[in-house]
Structure formats: structure tokens, C-alpha cells
file query.tsv (TSV, C-alpha atoms and all ligand atoms)
chain	number	residue	atom	x	y	z
A	32	MET	CA	92.90	97.36	77.82
A	33	GLU	CA	92.09	101.06	77.42
A	34	ASP	CA	94.11	103.67	79.26
A	35	ILE	CA	92.44	105.21	82.30
A	36	ARG	CA	91.97	108.91	81.57
A	37	ILE	CA	92.85	111.11	84.52
A	38	GLY	CA	92.50	114.85	85.19
A	39	ILE	CA	94.29	116.38	88.17
A	40	ILE	CA	93.10	119.27	90.34
A	41	GLY	CA	96.07	121.16	91.79
A	42	HIS	CA	99.40	121.69	90.04
A	43	GLY	CA	101.54	122.39	93.09
A	44	PHE	CA	104.23	120.20	94.63
A	45	MET	CA	102.26	116.96	94.45
A	46	GLY	CA	100.59	117.82	91.15
A	47	HIS	CA	104.07	118.09	89.59
A	48	GLU	CA	105.07	114.73	91.10
A	49	HIS	CA	101.97	113.09	89.62
A	50	GLU	CA	102.68	114.74	86.26
A	51	LYS	CA	106.21	113.29	86.17
A	52	MET	CA	105.05	109.79	87.04
A	53	LEU	CA	101.71	109.53	85.21
A	54	THR	CA	102.91	110.89	81.87
A	55	LYS	CA	105.30	107.91	81.73
A	56	MET	CA	102.97	105.26	83.07
A	57	GLU	CA	101.45	102.63	80.81
A	58	GLY	CA	97.75	102.13	81.39
A	59	ILE	CA	97.11	105.77	82.31
A	60	LYS	CA	96.55	108.77	80.08
A	61	LEU	CA	97.01	112.02	81.95
A	62	LEU	CA	94.73	114.58	80.30
A	63	GLY	CA	95.60	117.78	82.15
A	64	PHE	CA	95.32	120.03	85.18
A	65	SER	CA	93.15	122.69	86.74
A	66	ASP	CA	94.32	125.00	89.50
A	67	ILE	CA	92.65	127.84	91.38
A	68	ASP	CA	95.80	129.88	90.74
A	69	PRO	CA	96.32	130.18	86.94
A	70	LYS	CA	100.07	130.86	87.44
A	71	GLN	CA	100.42	127.29	88.67
A	72	LEU	CA	99.40	126.04	85.22
A	73	GLU	CA	102.10	127.93	83.32
A	74	ASP	CA	104.57	125.04	83.36
A	75	VAL	CA	102.10	122.23	82.64
A	76	GLN	CA	103.83	119.94	80.13
A	77	GLU	CA	103.17	120.43	76.42
A	78	GLY	CA	100.39	118.21	75.15
A	79	LEU	CA	98.40	118.31	78.41
A	80	LYS	CA	95.29	120.44	78.87
A	81	ARG	CA	95.22	123.52	81.10
A	82	TYR	CA	91.62	123.68	82.19
A	83	SER	CA	90.26	127.15	82.95
A	84	SER	CA	88.39	125.87	86.04
A	85	ASN	CA	87.84	122.77	88.16
A	86	GLU	CA	84.33	122.60	86.71
A	87	GLU	CA	85.69	122.42	83.18
A	88	LEU	CA	88.01	119.55	84.17
A	89	ILE	CA	85.35	117.69	86.11
A	90	ASN	CA	82.80	118.03	83.32
A	91	ASP	CA	85.19	117.07	80.54
A	92	PRO	CA	83.57	113.88	79.16
A	93	GLU	CA	87.04	112.50	78.43
A	94	VAL	CA	87.98	112.54	82.14
A	95	GLN	CA	87.16	109.27	83.88
A	96	VAL	CA	89.12	109.80	87.10
A	97	VAL	CA	89.69	113.03	89.00
A	98	LEU	CA	92.84	113.05	91.11
A	99	ILE	CA	92.61	115.70	93.82
A	100	ALA	CA	95.99	117.21	94.72
A	101	ALA	CA	94.85	120.51	96.21
A	102	ASN	CA	95.30	121.73	99.79
A	103	ASN	CA	93.84	119.48	102.49
A	104	ASN	CA	90.92	121.80	103.28
A	105	GLN	CA	89.73	121.56	99.65
A	106	HIS	CA	89.42	117.77	99.49
A	107	HIS	CA	85.87	117.50	100.82
A	108	ASP	CA	84.21	119.91	98.40
A	109	LEU	CA	86.22	118.73	95.39
A	110	VAL	CA	85.45	115.05	96.05
A	111	ILE	CA	81.74	115.85	96.32
A	112	GLN	CA	81.82	117.91	93.12
A	113	ALA	CA	83.63	115.20	91.16
A	114	ALA	CA	81.36	112.45	92.50
A	115	ARG	CA	78.21	114.39	91.55
A	116	ALA	CA	79.60	114.60	88.00
A	117	GLY	CA	79.92	110.80	88.01
A	118	LYS	CA	83.74	110.75	88.09
A	119	ASP	CA	85.86	108.20	89.89
A	120	ILE	CA	88.18	109.75	92.42
A	121	ILE	CA	91.67	109.42	93.84
A	122	CYS	CA	92.16	111.87	96.68
A	123	GLU	CA	95.48	112.89	98.17
A	124	LYS	CA	96.15	112.14	101.80
A	125	PRO	CA	94.92	113.09	104.34
A	126	VAL	CA	91.64	112.19	102.69
A	127	ALA	CA	89.72	114.70	104.84
A	128	MET	CA	90.16	117.16	107.70
A	129	SER	CA	87.71	115.29	109.95
A	130	LEU	CA	85.61	112.15	110.26
A	131	GLU	CA	82.48	114.21	109.55
A	132	GLU	CA	83.94	115.37	106.25
A	133	LEU	CA	84.96	111.86	105.29
A	134	ASP	CA	81.57	110.37	106.19
A	135	ASP	CA	79.92	112.96	103.98
A	136	MET	CA	82.32	112.16	101.12
A	137	VAL	CA	81.62	108.44	101.49
A	138	ARG	CA	77.85	108.99	101.52
A	139	VAL	CA	77.96	111.01	98.28
A	140	THR	CA	80.45	108.76	96.46
A	141	GLU	CA	78.31	105.75	97.35
A	142	GLU	CA	75.10	107.49	96.25
A	143	CYS	CA	76.79	108.40	92.96
A	144	GLY	CA	78.27	104.91	92.52
A	145	VAL	CA	81.81	106.14	91.82
A	146	LYS	CA	85.12	104.55	92.77
A	147	PHE	CA	86.87	106.38	95.61
A	148	THR	CA	90.32	105.73	97.01
A	149	VAL	CA	93.22	107.64	98.56
A	150	HIS	CA	96.83	108.16	97.48
A	151	HIS	CA	98.73	106.37	100.26
A	152	GLN	CA	101.70	105.45	98.09
A	153	ARG	CA	104.00	105.27	101.12
A	154	ARG	CA	102.68	101.76	101.70
A	155	PHE	CA	105.26	100.96	99.02
A	156	ASP	CA	108.19	102.77	100.66
A	157	PRO	CA	111.12	100.29	100.59
A	158	ASP	CA	112.08	101.02	104.23
A	159	PHE	CA	108.53	100.33	105.41
A	160	ARG	CA	108.20	97.21	103.25
A	161	THR	CA	111.51	95.91	104.60
A	162	ALA	CA	110.36	96.39	108.19
A	163	LYS	CA	107.00	94.80	107.34
A	164	GLU	CA	108.70	91.84	105.68
A	165	VAL	CA	110.84	91.26	108.79
A	166	PHE	CA	107.70	91.46	110.92
A	167	ASP	CA	105.68	89.15	108.65
A	168	GLN	CA	108.45	86.51	108.55
A	169	GLY	CA	107.95	86.09	112.29
A	170	THR	CA	111.60	85.31	112.88
A	171	LEU	CA	112.00	87.91	115.64
A	172	GLY	CA	109.79	85.79	117.88
A	173	ASP	CA	107.30	87.65	120.05
A	174	VAL	CA	107.70	91.25	118.96
A	175	TYR	CA	107.23	93.66	121.85
A	176	THR	CA	108.14	96.98	120.25
A	177	ILE	CA	108.11	98.62	116.81
A	178	LYS	CA	109.50	102.10	116.46
A	179	SER	CA	109.12	104.27	113.39
A	180	SER	CA	110.80	107.66	113.39
A	181	LEU	CA	111.42	110.51	110.99
A	182	TYR	CA	113.48	113.61	111.69
A	183	GLY	CA	114.04	116.67	109.55
A	184	PHE	CA	116.97	118.95	110.03
A	185	ASN	CA	116.04	122.42	108.89
A	186	GLY	CA	112.79	123.00	110.77
A	187	ASN	CA	111.08	124.57	107.79
A	188	MET	CA	107.34	124.30	107.41
A	189	HIS	CA	106.00	126.47	104.64
A	190	ASP	CA	103.05	127.95	102.77
A	191	TRP	CA	99.63	126.66	103.83
A	192	HIS	CA	101.26	123.91	105.91
A	193	VAL	CA	101.65	126.44	108.77
A	194	TYR	CA	97.90	127.18	109.05
A	195	VAL	CA	95.46	125.00	110.96
A	196	ALA	CA	92.50	126.09	108.82
A	197	GLU	CA	94.22	124.80	105.67
A	198	GLY	CA	95.00	121.41	107.17
A	199	GLY	CA	98.59	122.25	108.05
A	200	GLY	CA	100.81	120.58	110.61
A	201	MET	CA	102.96	117.50	110.54
A	202	LEU	CA	100.32	115.13	111.90
A	203	TYR	CA	98.24	115.75	108.76
A	204	ASP	CA	101.27	115.85	106.52
A	205	TRP	CA	103.57	112.95	107.48
A	206	GLY	CA	101.71	111.63	110.54
A	207	VAL	CA	98.97	110.27	108.33
A	208	HIS	CA	101.56	108.21	106.38
A	209	LEU	CA	103.41	106.98	109.46
A	210	LEU	CA	100.21	105.93	111.23
A	211	ASP	CA	98.79	104.34	108.08
A	212	GLN	CA	101.99	102.30	107.72
A	213	MET	CA	101.91	101.16	111.33
A	214	LEU	CA	98.25	100.07	111.15
A	215	TRP	CA	98.82	98.32	107.82
A	216	MET	CA	101.88	96.53	109.20
A	217	MET	CA	99.58	94.52	111.50
A	218	PRO	CA	96.11	94.88	110.06
A	219	GLY	CA	94.39	92.43	112.41
A	220	ALA	CA	95.58	94.10	115.61
A	221	LYS	CA	93.48	96.61	117.53
A	222	ILE	CA	94.85	99.53	119.52
A	223	LYS	CA	93.89	99.26	123.16
A	224	SER	CA	95.28	102.57	124.34
A	225	LEU	CA	97.51	105.39	123.22
A	226	TYR	CA	99.41	108.34	124.55
A	227	ALA	CA	100.67	111.27	122.50
A	228	ASP	CA	102.86	114.27	122.99
A	229	ILE	CA	102.27	116.87	120.28
A	230	ARG	CA	104.09	120.16	120.12
A	231	ASN	CA	104.56	123.32	118.12
A	232	VAL	CA	108.26	123.70	118.79
A	233	ILE	CA	108.86	126.65	116.46
A	234	ASN	CA	105.52	127.10	114.66
A	235	PHE	CA	102.76	129.33	116.05
A	236	GLU	CA	99.73	127.34	114.96
A	237	VAL	CA	100.62	123.85	113.89
A	238	ASP	CA	102.41	120.80	115.24
A	239	ASP	CA	105.98	120.19	114.15
A	240	TYR	CA	106.81	117.41	116.64
A	241	PHE	CA	104.92	114.37	117.89
A	242	LYS	CA	105.56	111.17	119.75
A	243	ILE	CA	102.74	108.63	119.73
A	244	LEU	CA	102.73	105.42	121.76
A	245	MET	CA	100.13	102.80	120.87
A	246	ARG	CA	99.54	99.62	122.85
A	247	PHE	CA	98.05	96.96	120.56
A	248	ASP	CA	96.07	93.90	121.61
A	249	ASN	CA	98.83	91.68	120.14
A	250	ASN	CA	101.03	92.93	123.00
A	251	ILE	CA	103.12	95.20	120.79
A	252	THR	CA	103.75	98.79	121.75
A	253	ALA	CA	104.34	100.85	118.65
A	254	GLU	CA	106.01	104.23	118.76
A	255	VAL	CA	105.84	106.83	116.03
A	256	GLU	CA	108.00	109.91	116.45
A	257	LEU	CA	108.52	112.83	114.09
A	258	GLY	CA	110.29	116.15	114.45
A	259	THR	CA	111.07	118.79	111.85
A	260	TYR	CA	113.44	120.67	114.15
A	261	TYR	CA	116.24	118.23	114.90
A	262	LEU	CA	119.06	120.62	114.18
A	263	THR	CA	122.38	119.03	113.47
A	264	ASP	CA	125.71	120.04	112.01
A	265	LYS	CA	126.32	116.55	110.65
A	266	MET	CA	123.71	116.20	107.98
A	267	HIS	CA	126.10	116.00	104.97
A	268	ASP	CA	123.81	115.10	102.08
A	269	LYS	CA	121.07	113.69	104.31
A	270	TRP	CA	118.13	115.99	104.83
A	271	PHE	CA	116.08	113.41	106.68
A	272	GLU	CA	116.63	110.66	109.13
A	273	ARG	CA	114.35	107.66	108.89
A	274	HIS	CA	114.58	104.73	111.29
A	275	TRP	CA	112.73	101.57	112.14
A	276	PHE	CA	113.47	99.34	115.10
A	277	LEU	CA	111.69	96.06	115.78
A	278	GLY	CA	112.39	94.19	118.99
A	279	GLY	CA	111.34	90.59	119.66
A	280	ASN	CA	112.39	87.90	122.12
A	281	LYS	CA	114.30	86.05	119.36
A	282	GLY	CA	116.00	89.01	117.74
A	283	SER	CA	115.98	92.68	116.85
A	284	ALA	CA	116.05	94.46	113.52
A	285	TYR	CA	117.01	97.96	112.58
A	286	VAL	CA	116.20	99.55	109.24
A	287	ASP	CA	117.70	102.96	108.53
A	288	GLY	CA	117.06	105.36	105.68
A	289	PHE	CA	114.54	105.46	102.83
A	290	GLU	CA	116.90	103.25	100.85
A	291	PRO	CA	117.08	100.89	103.74
A	292	GLU	CA	120.22	99.69	105.38
A	293	GLY	CA	120.30	97.63	108.51
A	294	LYS	CA	120.51	94.16	109.96
A	295	ILE	CA	118.63	91.52	111.83
A	296	VAL	CA	120.53	90.81	115.02
A	297	ARG	CA	120.29	87.64	117.10
A	298	THR	CA	122.22	85.93	119.84
A	299	ALA	CA	123.87	82.52	119.44
A	300	GLY	CA	122.65	81.59	122.89
A	301	LEU	CA	120.16	83.55	124.91
A	302	LEU	CA	121.88	86.12	127.07
A	303	GLN	CA	119.39	85.31	129.79
A	304	ASN	CA	120.69	85.30	133.32
A	305	VAL	CA	124.29	84.76	132.22
A	306	SER	CA	126.63	85.69	135.00
A	307	GLY	CA	127.09	89.43	135.00
A	308	GLN	CA	130.50	90.45	133.86
A	309	ARG	CA	131.77	93.67	135.34
A	310	THR	CA	132.72	95.97	132.45
A	311	MET	CA	133.98	99.52	132.59
A	312	THR	CA	132.21	101.83	130.14
A	313	ALA	CA	132.13	105.60	129.63
A	314	ALA	CA	129.02	105.58	131.81
A	315	GLY	CA	130.84	103.80	134.60
A	316	PRO	CA	130.99	100.13	135.58
A	317	THR	CA	128.12	97.93	134.42
A	318	ARG	CA	127.03	94.32	134.35
A	319	SER	CA	123.80	94.52	132.29
A	320	PHE	CA	124.94	96.85	129.51
A	321	GLY	CA	128.47	95.64	128.86
A	322	PRO	CA	129.54	93.99	125.61
A	323	PRO	CA	128.24	90.45	125.09
A	324	PRO	CA	130.65	87.52	125.25
A	325	GLU	CA	132.68	86.98	122.07
A	326	GLY	CA	130.77	85.21	119.29
A	327	LYS	CA	127.33	85.64	120.82
A	328	ILE	CA	126.01	88.29	118.41
A	329	LEU	CA	124.93	87.04	114.97
A	330	THR	CA	123.72	89.29	112.21
A	331	GLU	CA	121.62	88.52	109.16
A	332	GLU	CA	120.88	90.60	106.09
A	333	LEU	CA	117.54	92.33	105.87
A	334	PRO	CA	115.16	90.81	103.32
A	335	LYS	CA	115.32	92.50	99.93
A	336	VAL	CA	112.15	94.19	98.80
A	337	ASN	CA	111.50	95.58	95.39
A	338	THR	CA	108.87	98.27	95.74
A	339	CYS	CA	108.41	101.84	94.57
A	340	HIS	CA	105.66	104.44	94.37
A	341	GLU	CA	104.69	103.41	90.82
A	342	ASN	CA	103.33	100.24	92.42
A	343	TYR	CA	100.48	102.29	93.87
A	344	PHE	CA	99.23	103.19	90.38
A	345	GLU	CA	99.93	99.69	89.04
A	346	ASN	CA	97.52	98.39	91.68
A	347	TYR	CA	95.10	101.23	90.82
A	348	ILE	CA	95.08	100.22	87.13
A	349	ARG	CA	94.46	96.53	87.87
A	350	ALA	CA	91.79	97.33	90.45
A	351	TYR	CA	90.11	99.83	88.12
A	352	HIS	CA	89.76	97.05	85.55
A	353	GLY	CA	88.34	94.70	88.19
A	354	GLU	CA	91.40	92.41	88.41
A	355	GLU	CA	92.04	93.00	92.11
A	356	ASP	CA	90.96	95.20	95.02
A	357	PHE	CA	92.15	98.76	95.50
A	358	LEU	CA	95.00	98.52	97.98
A	359	VAL	CA	93.84	101.55	99.94
A	360	LYS	CA	90.35	101.09	101.32
A	361	ILE	CA	88.28	103.96	102.66
A	362	PRO	CA	87.55	102.30	106.06
A	363	GLU	CA	91.34	102.07	106.58
A	364	THR	CA	91.71	105.80	105.95
A	365	ARG	CA	88.77	106.43	108.31
A	366	ARG	CA	90.53	104.46	111.03
A	367	VAL	CA	93.65	106.62	110.62
A	368	LEU	CA	91.55	109.81	110.90
A	369	ALA	CA	89.87	108.45	114.05
A	370	LEU	CA	93.28	107.59	115.44
A	371	MET	CA	94.53	111.11	114.70
A	372	ASP	CA	91.54	112.53	116.64
A	373	ALA	CA	92.45	110.35	119.64
A	374	VAL	CA	96.11	111.37	119.28
A	375	ARG	CA	95.12	115.05	119.36
A	376	GLU	CA	92.92	114.48	122.41
A	377	SER	CA	95.76	112.77	124.24
A	378	GLY	CA	98.13	115.55	123.20
A	379	ARG	CA	95.68	118.17	124.47
A	380	THR	CA	94.87	116.51	127.79
A	381	GLY	CA	98.21	114.84	128.50
A	382	LYS	CA	96.28	111.64	129.31
A	383	SER	CA	96.29	108.22	127.70
A	384	ILE	CA	93.20	107.36	125.69
A	385	GLU	CA	91.39	104.06	125.31
A	386	PHE	CA	90.90	103.35	121.63
A	387	GLU	CA	89.13	100.57	119.73
B	401	LIG	N1	101.13	111.47	99.02
B	401	LIG	C1	102.18	112.24	99.29
B	401	LIG	O1	103.29	111.78	99.50
B	401	LIG	C2	102.01	113.72	99.33
B	401	LIG	C3	103.14	114.55	99.33
B	401	LIG	C4	102.93	115.95	99.36
B	401	LIG	C5	101.64	116.45	99.37
B	401	LIG	N2	100.57	115.59	99.39
B	401	LIG	C6	99.20	116.09	99.44
B	401	LIG	O2	98.90	116.74	98.21
B	401	LIG	C7	98.00	117.83	98.43
B	401	LIG	C8	98.65	119.10	97.88
B	401	LIG	O3	99.83	119.36	98.61
B	401	LIG	P1	101.05	120.14	97.94
B	401	LIG	O4	102.20	119.95	98.84
B	401	LIG	O5	101.14	119.78	96.49
B	401	LIG	O6	100.53	121.65	98.07
B	401	LIG	P2	100.91	122.86	97.12
B	401	LIG	O7	100.51	124.09	97.86
B	401	LIG	O8	102.29	122.75	96.61
B	401	LIG	O9	99.92	122.65	95.87
B	401	LIG	C9	98.52	122.76	95.99
B	401	LIG	C10	97.98	123.31	94.70
B	401	LIG	O10	96.55	123.24	94.77
B	401	LIG	C11	96.02	124.49	94.29
B	401	LIG	N3	94.68	124.65	94.86
B	401	LIG	C12	94.32	124.98	96.11
B	401	LIG	N4	92.99	124.99	96.24
B	401	LIG	C13	92.49	124.65	95.04
B	401	LIG	C14	91.18	124.49	94.53
B	401	LIG	N5	90.09	124.67	95.30
B	401	LIG	N6	91.02	124.14	93.24
B	401	LIG	C15	92.11	123.96	92.43
B	401	LIG	N7	93.38	124.10	92.87
B	401	LIG	C16	93.55	124.43	94.14
B	401	LIG	C17	97.04	125.52	94.73
B	401	LIG	O11	96.93	126.71	93.97
B	401	LIG	C18	98.36	124.77	94.50
B	401	LIG	O12	98.83	124.96	93.19
B	401	LIG	C19	97.78	117.89	99.94
B	401	LIG	O13	96.60	117.22	100.26
B	401	LIG	C20	98.98	117.14	100.52
B	401	LIG	O14	98.73	116.54	101.76
B	401	LIG	C21	100.75	114.26	99.34
call {"tool": "encode", "arguments": {"input": "query.tsv", "output": "C-alpha cells"}}
result
Amino acid sequence: MEDIRIGIIGHGFMGHEHEKMLTKMEGIKLLGFSDIDPKQLEDVQEGLKRYSSNEELINDPEVQVVLIAANNNQHHDLVIQAARAGKDIICEKPVAMSLEELDDMVRVTEECGVKFTVHHQRRFDPDFRTAKEVFDQGTLGDVYTIKSSLYGFNGNMHDWHVYVAEGGGMLYDWGVHLLDQMLWMMPGAKIKSLYADIRNVINFEVDDYFKILMRFDNNITAEVELGTYYLTDKMHDKWFERHWFLGGNKGSAYVDGFEPEGKIVRTAGLLQNVSGQRTMTAAGPTRSFGPPPEGKILTEELPKVNTCHENYFENYIRAYHGEEDFLVKIPETRRVLALMDAVRESGRTGKSIEFE
């Protein structure tokens, strides 16, 4: 099978990440980069092209697929330009700044008959896949809550990420991944209502904290929380905290860290209406929150998953050659954008929103 020949627009943070991965990947030939800022092309690897403009890259007959890794507010115009030149497209997340932009992109890519998908490689994050595997196994019984949280410790948002007009803010940046994961965890379930608290804790324009509660029609309430300003003096070598918690009536599971550690926890006999034992704790005497009777708590290992971000492009290659579907489908990315609109409305009004 012939290599898929890709040209990338944008040689910033993500452009460099793609360069590292795609130059080593079988089945893909990375041709080169364009960037609006020529300085950004100075360290493009030897052997790759440095296009003098996006137009030159897009119109290079060798380029089959244009990967768009420029700022969020550039995605719409670049997707349209590449589609009109007949190129297939992978666009970075968030695919667009609004539903209107995305609908326009879909109309043009369909008219031009080109393949169009979005780089949501975090569907392969091992922590997420572990939590999903626990959920899919069904061994927690009726799950009532799923919590996904991410905290950063130094508060720093930088460059264009601090400007609304450029698509900055954490909802666009990480929120789009965290919401995409949650929706993909239970693809058949619809959100009945949601409530969101969104804040600019230390940034003037853009959000750097959000908590989103979503009540699904499968009776699960999902919570997604992110903050970039969780100062701590105990970070050691950890610059992030990542946590999942799944609670069901037959067990709980916690999954911590991007290289996930955690357990499934069950009880040997249901601790339901057992006689309350008076226990003294730091919080004072308690009967409901005291330690369980000896031997009642059982733990199991989390399932092992074997996933990594390369898997996104492995799927892309197979799908490009017609062997399977693209994992990331445009209607799924549209649903996440619609959800983010509802989240913003709830954040603005302080009211819960009916959705779907
Ligand atoms: N999938 C992921 O995990 C992930 C991670 C980080 C960033 N991203 C996405 O990648 C995109 C780029 O983010 P980044 O962090 O690399 O930003 P960045 O600022 O580091 O890099 C963006 C690059 O695009 C260039 N650029 C801007 N407008 C352009 C245009 N019209 N034509 C050509 N080049 C242009 C800039 O000069 C810069 O070099 C964003 O959409 C972001 O959301 C995705």
C-alpha cells in the first residue's frame, strides 16, 4: 500500500509533535510544513519541505492530505481552502470556533468530495481507555456517577491561548478533549440537562476553570472539572493531576494519572443498613463514614489497556485505504461544539440547560 502523503500547516507546538510522530510512522510520508511566520520553519527537520506559503503547500500535487495545526481561529478558512484544492483534511481540535463555522466546513468538504476528520487522539489516552474499559465491562453495576478531572499547578496560559478572538481558553483547549471522551465513553446516551460553572480565575479574557455537570438519560451524572490554577507545594515531578472516578451500586473504580494507577473496589457483602458502629474520627464521632468492618473491602486490579496516540494515525491509515471507518466522525465533533455552546450559556446565566 502506498504511503499517504501529508503536508502540515502550522509548525508550532502541535506541528512539532506531529513532525516527531509522523516522520517515524509507517504508512505516512510527511512532506513538509507551511507557517504564516517563517521563523517557525527554521527548525523543520532536514529532508522535509519548507513551503513559502499555505497556498504552495495546498497546491503541491504531491500532497494528498493537509493537516491543519494552526491557531483555532484559522481552522475554518484553511479547511475551506484545502477542500477547494481537492485535498483530504485532518484538522486539529477544536475543529471550529462555532457550529456555523463547522457547518460551512462540512458543506464545502462534502461539495468537494474530500475526506474530513479531526485529530482527537486523546480517545487513545490510557487513563481514559482504562476508565472506559471498566465502564464497558459493566462490573460496577448501575453506574450513577463518572467524574473526570484535570488540574494544572502553575496557572500559566500563554500566547494566543489567552485571547478569545484566537480561540483561547481552557474549554476550547482541554475541555474539547474531556467532553469528547465523556460522550464517547457512552455513545448511545443522550444528555438531558447540564449545569456549568466557568471562570477566569487569573486570566482577563478566557476561562481557566470549569466544572460541568451532565445528567444523561442512562441515569448517570457525569462531572468534568478542570483548573489551571490549583497551586500546590507538593507537585514533585507531577505537573498535572488527572483523575477518574466511577461509582456504581456494585463497586467503585478510581483511575489516577495519565499512566493510570488505581483499583476497582467492592464490598464482600453489601454495607446496606448494617448496624451503625460509632467510630471516632478527626471530624468527630460518626456512624455512616467510619471504617467498614474488617474484611469487607475487596480490591481488584484495573484492566490493562495498551493504547497510545499513534493508534489515532494507525486508524487514519486503515480508514484512508477503505479498511475501516475513521474513528473520529464529524457529527461527533459537532455534538461536542453544541455541548460547549450549552456549557457557555449555563456558565453565563448560572442556570441549568436542557440539552438533547
Ligand atoms: N490534539 C492535541 O492534543 C493538541 C495539543 C495542542 C494543540 N492542539 C491544537 O493545535 C493547534 C495549534 O496549537 P499550538 O499549541 O500548536 O499553537 P502554536 O501557537 O504553538 O502553533 C501554531 C502555529 O500556527 C502558525 N499559524 C497561525 N496561523 C497560521 C496560518 N493562517 N497559516 C499558517 N500558519 C499559521 C503559527 O505561526 C504557529 O507557528 C490548535 O488548534 C490547538 O488546539 C492540539
call {"tool": "residues_near_ligand", "arguments": {"input": "query.tsv", "ligand": "ligand LIG 401 (chain B)", "cutoff": "7 Å", "atoms": "only C-alpha atoms and all ligand atoms", "output": "list in words"}}
result
Ile40, Gly41, His42, Gly43, Phe44, Met45, Gly46, Ser65, Asp66, Ile67, Asp68, Gln71, Asn85, Ala100, Ala101, Asn102, Asn103, Gln105, Glu123, Lys124, Pro125, His150, His151, Gln152, Arg153, Asp190, Trp191 and Asp204 of chain A
call {"tool": "residues_around", "arguments": {"input": "query.tsv", "residues": "Ile222 of chain A", "least_positions_apart": "2", "cutoff": "10 Å", "atoms": "all atoms listed in the file", "output": "compact mmCIF listing (two decimals) with C-alpha atoms, in the coordinates of the input"}}
result
# COMPACT_ATOMS: atom_id res chain seq x y z
CA LEU A 214 98.25 100.07 111.15
CA ALA A 220 95.58 94.10 115.61
CA SER A 224 95.28 102.57 124.34
CA LEU A 225 97.51 105.39 123.22
CA MET A 245 100.13 102.80 120.87
CA ARG A 246 99.54 99.62 122.85
CA PHE A 247 98.05 96.96 120.56
CA ASP A 248 96.07 93.90 121.61
CA ASN A 249 98.83 91.68 120.14
CA ASN A 250 101.03 92.93 123.00
CA ILE A 251 103.12 95.20 120.79
CA THR A 252 103.75 98.79 121.75
CA ALA A 253 104.34 100.85 118.65
CA LEU A 370 93.28 107.59 115.44
CA GLU A 385 91.39 104.06 125.31
CA PHE A 386 90.90 103.35 121.63
CA GLU A 387 89.13 100.57 119.73
call {"tool": "atom_distance", "arguments": {"input": "query.tsv", "atom1": "atom CA of Leu79 of chain A", "atom2": "atom CA of Val96 of chain A"}}
result
15.3 Å
call {"tool": "atom_distance", "arguments": {"input": "query.tsv", "atom1": "atom CA of Thr312 of chain A", "atom2": "atom CA of Pro324 of chain A"}}
result
15.2 Å
call {"tool": "residues_around", "arguments": {"input": "query.tsv", "residues": "Ile348 of chain A", "least_positions_apart": "4", "cutoff": "8 Å", "atoms": "only C-alpha atoms", "output": "list in words"}}
result
Ile35, Gly58, Ile59, Phe344 and His352 of chain A
call {"tool": "closest_residue", "arguments": {"input": "query.tsv", "among": "A:Tyr347, A:Ile120, A:Thr298, A:Phe159", "to": "Gly144 of chain A", "atoms": "all atoms listed in the file"}}
result
A:Ile120
call {"tool": "atom_distance", "arguments": {"input": "query.tsv", "atom1": "atom CA of Tyr240 of chain A", "atom2": "atom CA of Leu358 of chain A"}}
result
29.1 Å
call {"tool": "closest_residue", "arguments": {"input": "query.tsv", "among": "A:Pro362, A:Pro322, A:Lys55, A:Glu33", "to": "Gly307 of chain A", "atoms": "only C-alpha atoms"}}
result
A:Pro322
call {"tool": "closest_residue", "arguments": {"input": "query.tsv", "among": "A:Glu345, A:Asp264, A:Glu131, A:Glu87", "to": "Arg365 of chain A", "atoms": "only C-alpha atoms"}}
result
A:Glu131
call {"tool": "residues_around", "arguments": {"input": "query.tsv", "residues": "Tyr203 of chain A", "least_positions_apart": "3", "cutoff": "10 Å", "atoms": "all atoms listed in the file", "output": "ChimeraX atom specification"}}
result
/A:103,124-128,192,195,198-200,206-208,237-238,368,371
call {"tool": "closest_residue", "arguments": {"input": "query.tsv", "among": "A:Leu133, A:Lys281, A:Phe320, A:Thr259", "to": "His189 of chain A", "atoms": "all atoms listed in the file"}}
result
A:Thr259
call {"tool": "decode", "arguments": {"input": "query.tsv", "residues": "segment 240-286 of chain A", "atoms": "C-alpha atoms", "output": "JSON list (two decimals), in the first residue's frame"}}
result
[["chain", "number", "residue", "atom", "x", "y", "z"],
["A", 240, "TYR", "CA", -11.51, 26.84, 35.35],
["A", 241, "PHE", "CA", -14.72, 24.93, 34.66],
["A", 242, "LYS", "CA", -16.95, 22.41, 36.32],
["A", 243, "ILE", "CA", -19.59, 20.80, 34.11],
["A", 244, "LEU", "CA", -22.32, 18.50, 35.37],
["A", 245, "MET", "CA", -24.25, 16.49, 32.78],
["A", 246, "ARG", "CA", -27.28, 14.34, 33.57],
["A", 247, "PHE", "CA", -27.58, 11.58, 30.96],
["A", 248, "ASP", "CA", -30.70, 9.62, 30.08],
["A", 249, "ASN", "CA", -28.96, 6.41, 31.29],
["A", 250, "ASN", "CA", -29.21, 7.89, 34.80],
["A", 251, "ILE", "CA", -25.53, 8.74, 35.03],
["A", 252, "THR", "CA", -24.40, 12.17, 36.14],
["A", 253, "ALA", "CA", -21.03, 12.94, 34.64],
["A", 254, "GLU", "CA", -18.78, 15.63, 36.02],
["A", 255, "VAL", "CA", -15.90, 17.22, 34.18],
["A", 256, "GLU", "CA", -13.71, 19.61, 36.12],
["A", 257, "LEU", "CA", -10.55, 21.42, 35.05],
["A", 258, "GLY", "CA", -8.45, 24.12, 36.66],
["A", 259, "THR", "CA", -5.09, 25.53, 35.63],
["A", 260, "TYR", "CA", -4.61, 27.36, 38.93],
["A", 261, "TYR", "CA", -4.51, 24.64, 41.56],
["A", 262, "LEU", "CA", -1.40, 25.88, 43.31],
["A", 263, "THR", "CA", 0.37, 23.35, 45.43],
["A", 264, "ASP", "CA", 3.74, 22.97, 47.09],
["A", 265, "LYS", "CA", 3.65, 19.20, 46.70],
["A", 266, "MET", "CA", 3.91, 18.71, 42.99],
["A", 267, "HIS", "CA", 7.34, 16.98, 42.94],
["A", 268, "ASP", "CA", 7.72, 15.85, 39.34],
["A", 269, "LYS", "CA", 3.98, 15.96, 38.62],
["A", 270, "TRP", "CA", 2.84, 18.98, 36.68],
["A", 271, "PHE", "CA", -0.69, 17.71, 36.24],
["A", 272, "GLU", "CA", -3.23, 15.81, 38.20],
["A", 273, "ARG", "CA", -5.58, 13.58, 36.28],
["A", 274, "HIS", "CA", -8.33, 11.59, 37.96],
["A", 275, "TRP", "CA", -11.28, 9.43, 37.05],
["A", 276, "PHE", "CA", -13.85, 8.12, 39.48],
["A", 277, "LEU", "CA", -16.68, 5.78, 38.52],
["A", 278, "GLY", "CA", -19.31, 4.89, 41.09],
["A", 279, "GLY", "CA", -21.84, 2.07, 40.68],
["A", 280, "ASN", "CA", -24.07, 0.10, 43.04],
["A", 281, "LYS", "CA", -21.75, -2.94, 42.78],
["A", 282, "GLY", "CA", -18.42, -1.17, 43.08],
["A", 283, "SER", "CA", -16.33, 1.91, 42.52],
["A", 284, "ALA", "CA", -13.20, 2.50, 40.48],
["A", 285, "TYR", "CA", -10.57, 5.16, 40.63],
["A", 286, "VAL", "CA", -8.02, 5.79, 37.91]]
